[in-house]
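A.B. asks: So that you have it, the file is my_file_10.txt, and it contains compact mmCIF, C-alpha atoms:
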# COMPACT_ATOMS: atom_id res chain seq x y z
CA MET A 1 0.00 0.00 0.00
CA SER A 2 1.17 3.51 -0.75
CA GLN A 3 -0.40 6.62 0.73
CA VAL A 4 -0.46 10.23 -0.41
CA THR A 5 -1.72 13.14 1.67
CA ALA A 6 -2.04 16.81 0.79
CA SER A 7 -3.72 19.85 2.34
CA ILE A 8 -4.57 23.35 1.20
CA GLN A 9 -6.35 26.42 2.54
CA ILE A 10 -9.02 27.73 0.16
CA ASP A 11 -10.65 31.15 0.50
CA ALA A 12 -14.21 29.86 0.15
CA SER A 13 -16.83 28.23 2.36
CA PRO A 14 -16.82 24.47 2.92
CA GLU A 15 -20.12 24.36 0.98
CA LYS A 16 -18.52 25.97 -2.08
CA VAL A 17 -15.48 23.66 -1.94
CA TRP A 18 -17.78 20.64 -1.49
CA GLU A 19 -19.88 21.70 -4.49
CA THR A 20 -16.75 21.66 -6.66
CA VAL A 21 -14.92 18.56 -5.40
CA MET A 22 -18.03 16.40 -5.33
CA ASP A 23 -19.20 17.26 -8.87
CA PRO A 24 -17.85 14.48 -11.13
CA HIS A 25 -18.24 16.80 -14.14
CA GLN A 26 -15.71 19.22 -12.63
CA LEU A 27 -12.93 16.66 -12.13
CA GLU A 28 -11.33 17.67 -15.43
CA ARG A 29 -10.91 21.21 -14.11
CA TRP A 30 -8.81 20.36 -11.08
CA VAL A 31 -7.61 16.72 -11.00
CA THR A 32 -4.38 16.67 -13.01
CA ILE A 33 -4.43 12.94 -13.81
CA HIS A 34 -8.12 12.90 -14.82
CA ARG A 35 -8.67 12.06 -18.50
CA GLY A 36 -12.37 11.35 -18.66
CA LEU A 37 -15.59 10.72 -16.80
CA LEU A 38 -16.98 7.50 -18.22
CA HIS A 39 -20.08 7.24 -16.03
CA ALA A 40 -21.67 8.99 -13.05
CA ASP A 41 -24.90 8.00 -11.36
CA ASP A 42 -27.82 10.39 -11.55
CA GLY A 43 -29.25 12.04 -8.49
CA PRO A 44 -27.76 13.41 -5.31
CA LEU A 45 -24.50 12.25 -3.80
CA ARG A 46 -25.04 9.55 -1.22
CA ALA A 47 -23.39 6.40 0.05
CA GLY A 48 -23.58 3.94 -2.85
CA TYR A 49 -23.17 6.63 -5.56
CA ARG A 50 -20.92 5.31 -8.36
CA MET A 51 -18.76 6.82 -11.04
CA ASP A 52 -16.18 5.50 -13.49
CA GLN A 53 -13.14 7.57 -14.36
CA ARG A 54 -10.20 7.31 -16.73
CA ILE A 55 -6.91 8.52 -15.24
CA HIS A 56 -3.45 8.84 -16.76
CA LEU A 57 -0.18 8.17 -14.96
CA ARG A 58 3.26 7.62 -16.46
CA GLY A 59 1.90 7.27 -19.97
CA VAL A 60 -0.74 4.71 -19.05
CA ALA A 61 -4.51 5.27 -19.15
CA VAL A 62 -6.38 3.36 -16.45
CA GLU A 63 -10.09 3.01 -15.69
CA VAL A 64 -11.12 3.25 -12.04
CA HIS A 65 -14.59 2.34 -10.80
CA TRP A 66 -15.46 4.44 -7.73
CA GLU A 67 -18.15 4.07 -5.08
CA LEU A 68 -18.90 6.72 -2.48
CA VAL A 69 -18.89 4.76 0.78
CA ASP A 70 -19.14 7.62 3.29
CA CYS A 71 -20.68 11.02 2.69
CA GLU A 72 -21.16 13.81 5.25
CA GLU A 73 -22.17 16.84 3.17
CA SER A 74 -19.64 19.69 3.22
CA ARG A 75 -17.47 17.76 5.70
CA ARG A 76 -16.22 14.36 4.56
CA ALA A 77 -16.33 11.99 1.62
CA VAL A 78 -14.70 8.59 1.21
CA TRP A 79 -14.49 6.95 -2.21
CA GLU A 80 -13.39 3.36 -2.74
CA GLY A 81 -12.02 2.50 -6.17
CA ARG A 82 -11.29 -0.62 -8.15
CA GLY A 83 -8.77 -0.62 -10.96
CA PRO A 84 -7.20 -3.18 -13.26
CA ALA A 85 -5.80 -6.50 -12.00
CA ARG A 86 -7.61 -6.20 -8.66
CA SER A 87 -5.83 -2.98 -7.71
CA GLY A 88 -7.70 -0.72 -5.34
CA ALA A 89 -7.72 2.74 -3.88
CA GLN A 90 -9.43 4.71 -1.18
CA THR A 91 -9.67 8.49 -1.39
CA GLU A 92 -10.84 10.72 1.45
CA TYR A 93 -11.76 14.40 1.35
CA LEU A 94 -11.99 16.29 4.65
CA LEU A 95 -13.30 19.86 4.72
CA LYS A 96 -13.15 22.10 7.77
CA ALA A 97 -14.00 25.79 8.17
CA ALA A 98 -10.75 27.57 9.07
CA ASP A 99 -9.40 31.13 8.94
CA GLY A 100 -12.44 32.46 7.07
CA GLY A 101 -12.24 29.75 4.43
CA THR A 102 -11.83 26.00 4.18
CA ARG A 103 -8.99 23.67 4.99
CA PHE A 104 -9.17 20.83 2.46
CA ASP A 105 -7.33 17.64 3.40
CA TYR A 106 -6.87 14.93 0.80
CA ARG A 107 -5.73 11.36 1.39
CA ASN A 108 -5.33 8.54 -1.12
CA GLU A 109 -4.30 4.97 -0.37
CA PHE A 110 -3.38 2.80 -3.32
CA HIS A 111 -3.37 -0.99 -3.02
CA ALA A 112 -1.33 -2.57 -5.78
CA PRO A 113 -2.26 -5.97 -7.20
CA LEU A 114 -0.02 -8.99 -6.52
CA GLY A 115 0.61 -8.21 -2.85
CA PRO A 116 4.13 -7.16 -1.73
CA VAL A 117 5.69 -7.79 -5.17
CA GLY A 118 3.11 -5.53 -6.81
CA ALA A 119 3.69 -2.86 -4.17
CA LEU A 120 7.44 -2.86 -4.86
CA PHE A 121 6.83 -2.65 -8.60
CA SER A 122 4.32 0.17 -8.10
CA ARG A 123 6.75 2.24 -5.99
CA ALA A 124 9.55 1.74 -8.53
CA LEU A 125 7.34 2.63 -11.49
CA VAL A 126 5.44 5.57 -10.01
CA GLY A 127 7.97 7.06 -7.57
CA GLY A 128 7.00 10.52 -6.27
CA ILE A 129 4.46 11.24 -9.02
CA PRO A 130 1.31 10.72 -6.91
CA GLN A 131 2.44 13.25 -4.28
CA ARG A 132 3.40 15.79 -6.93
CA GLU A 133 0.09 15.34 -8.75
CA ALA A 134 -1.92 15.58 -5.50
CA ASN A 135 -0.23 18.89 -4.70
CA ARG A 136 -0.78 20.19 -8.24
CA SER A 137 -4.43 19.11 -8.18
CA LEU A 138 -5.10 20.93 -4.91
CA SER A 139 -3.37 24.05 -6.25
CA GLN A 140 -5.60 23.93 -9.33
CA LEU A 141 -8.67 23.42 -7.13
CA LYS A 142 -7.76 26.47 -5.04
CA GLU A 143 -7.19 28.59 -8.14
CA GLN A 144 -10.44 27.46 -9.78
CA ILE A 145 -12.56 28.19 -6.72
CA GLU A 146 -10.90 31.44 -5.68
CA GLN A 147 -10.97 32.91 -9.18
CA GLY A 148 -14.56 31.80 -9.69
CA LYS A 149 -13.83 30.03 -12.98
Could I get this structure in the form of structure tokens?
C.D. replies:
Amino acid sequence: MSQVTASIQIDASPEKVWETVMDPHQLERWVTIHRGLLHADDGPLRAGYRMDQRIHLRGVAVEVHWELVDCEESRRAVWEGRGPARSGAQTEYLLKAADGGTRFDYRNEFHAPLGPVGALFSRALVGGIPQREANRSLSQLKEQIEQGK
């Protein structure tokens, strides 16, 4: 398992940040590795909501099937994802009112296929890219929200 965490302060309410990060159709505007939304359930966000996403990392396009497993509006969301070869991920968004805006904390755990051997291969192949991309994504999110794009 590898884990990436990142945090950023955004000059907007938790409700505004939530509205952006939880809209699957806005992923392309702030998630740097996002390459396409393949499916998103209709209706309001709730536990059990599903979406399918194409991401791109180190020249490889990968489909991830996500399910929202925990959802506390404007506070916390936990997505569980399934990728190729039984790989998995869990992504958590935490939002907290702070300093007149929102502190947004992001955490992603990636579970490589093939147990310990897969984890070693994953670390060698990917290196520090996930951390760099998480930081870039949060910077883009901040810019998008604060500039009202």
A.B. asks: Between CA of Glu80 (chain A) and CA of Arg50 (chain A), measure the distance and give it in Å to one decimal.
C.D. replies: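 Pair CA of Glu80 (chain A) / CA of Arg50 (chain A) returns 9.6 Å.
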A.B. asks: In terms of the shortest atom-to-atom distance over all atoms listed in the file, which of A:Ser2, A:Leu45, A:Ile10, A:Gln140 is closest to Ser87 (chain A)?
C.D. replies: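 For Ser87 (chain A), the nearest of the candidates is A:Ser2.
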A.B. asks: Name the closest residue to Ser13 (chain A) among the candidates A:His39, A:His34, A:His111, A:Lys96; distances are taken between atoms, counting all atoms listed in the file.
C.D. replies: A:Lys96
A.B. asks: Tell me which protein, DNA and RNA residues are within 12 Å of Gly83 (chain A), counting all atoms listed in the file, leaving out same-chain ones fewer than 3 positions away, and put them as a PDB file with C-alpha atoms, keeping the file's coordinate frame.
C.D. replies:
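out_14.pdb was written with the following content:
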ATOM      1  CA  ASP A  52     -16.180   5.500 -13.490  1.00  0.00           C
ATOM      2  CA  GLN A  53     -13.140   7.570 -14.360  1.00  0.00           C
ATOM      3  CA  ARG A  54     -10.200   7.310 -16.730  1.00  0.00           C
ATOM      4  CA  ILE A  55      -6.910   8.520 -15.240  1.00  0.00           C
ATOM      5  CA  ALA A  61      -4.510   5.270 -19.150  1.00  0.00           C
ATOM      6  CA  VAL A  62      -6.380   3.360 -16.450  1.00  0.00           C
ATOM      7  CA  GLU A  63     -10.090   3.010 -15.690  1.00  0.00           C
ATOM      8  CA  VAL A  64     -11.120   3.250 -12.040  1.00  0.00           C
ATOM      9  CA  HIS A  65     -14.590   2.340 -10.800  1.00  0.00           C
ATOM     10  CA  TRP A  66     -15.460   4.440  -7.730  1.00  0.00           C
ATOM     11  CA  GLU A  80     -13.390   3.360  -2.740  1.00  0.00           C
ATOM     12  CA  ARG A  86      -7.610  -6.200  -8.660  1.00  0.00           C
ATOM     13  CA  SER A  87      -5.830  -2.980  -7.710  1.00  0.00           C
ATOM     14  CA  GLY A  88      -7.700  -0.720  -5.340  1.00  0.00           C
ATOM     15  CA  ALA A  89      -7.720   2.740  -3.880  1.00  0.00           C
ATOM     16  CA  GLN A  90      -9.430   4.710  -1.180  1.00  0.00           C
ATOM     17  CA  PHE A 110      -3.380   2.800  -3.320  1.00  0.00           C
ATOM     18  CA  HIS A 111      -3.370  -0.990  -3.020  1.00  0.00           C
ATOM     19  CA  ALA A 112      -1.330  -2.570  -5.780  1.00  0.00           C
ATOM     20  CA  PRO A 113      -2.260  -5.970  -7.200  1.00  0.00           C
TER      21      PRO A 113
END
A.B. asks: Which of these, A:Asp41, A:Glu146, A:Glu73, A:Asp105, has the shortest distance to Glu19 (chain A) once you count only C-alpha atoms?
C.D. replies: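 Nearest to Glu19 (chain A): A:Glu73.
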A.B. asks: For Gly101 (chain A), which of A:Lys142, A:Tyr49, A:Gln131, A:Ile33 is the closest residue, counting all atoms listed in the file?
C.D. replies: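 Closest residue, counting all atoms listed in the file: A:Lys142.
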A.B. asks: Smallest atom-to-atom distance to Asp99 (chain A): which of A:Asp42, A:Glu72, A:Asp11, A:Glu67, using only C-alpha atoms?
C.D. replies: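 Of the candidates, the smallest distance to Asp99 (chain A) is held by A:Asp11.
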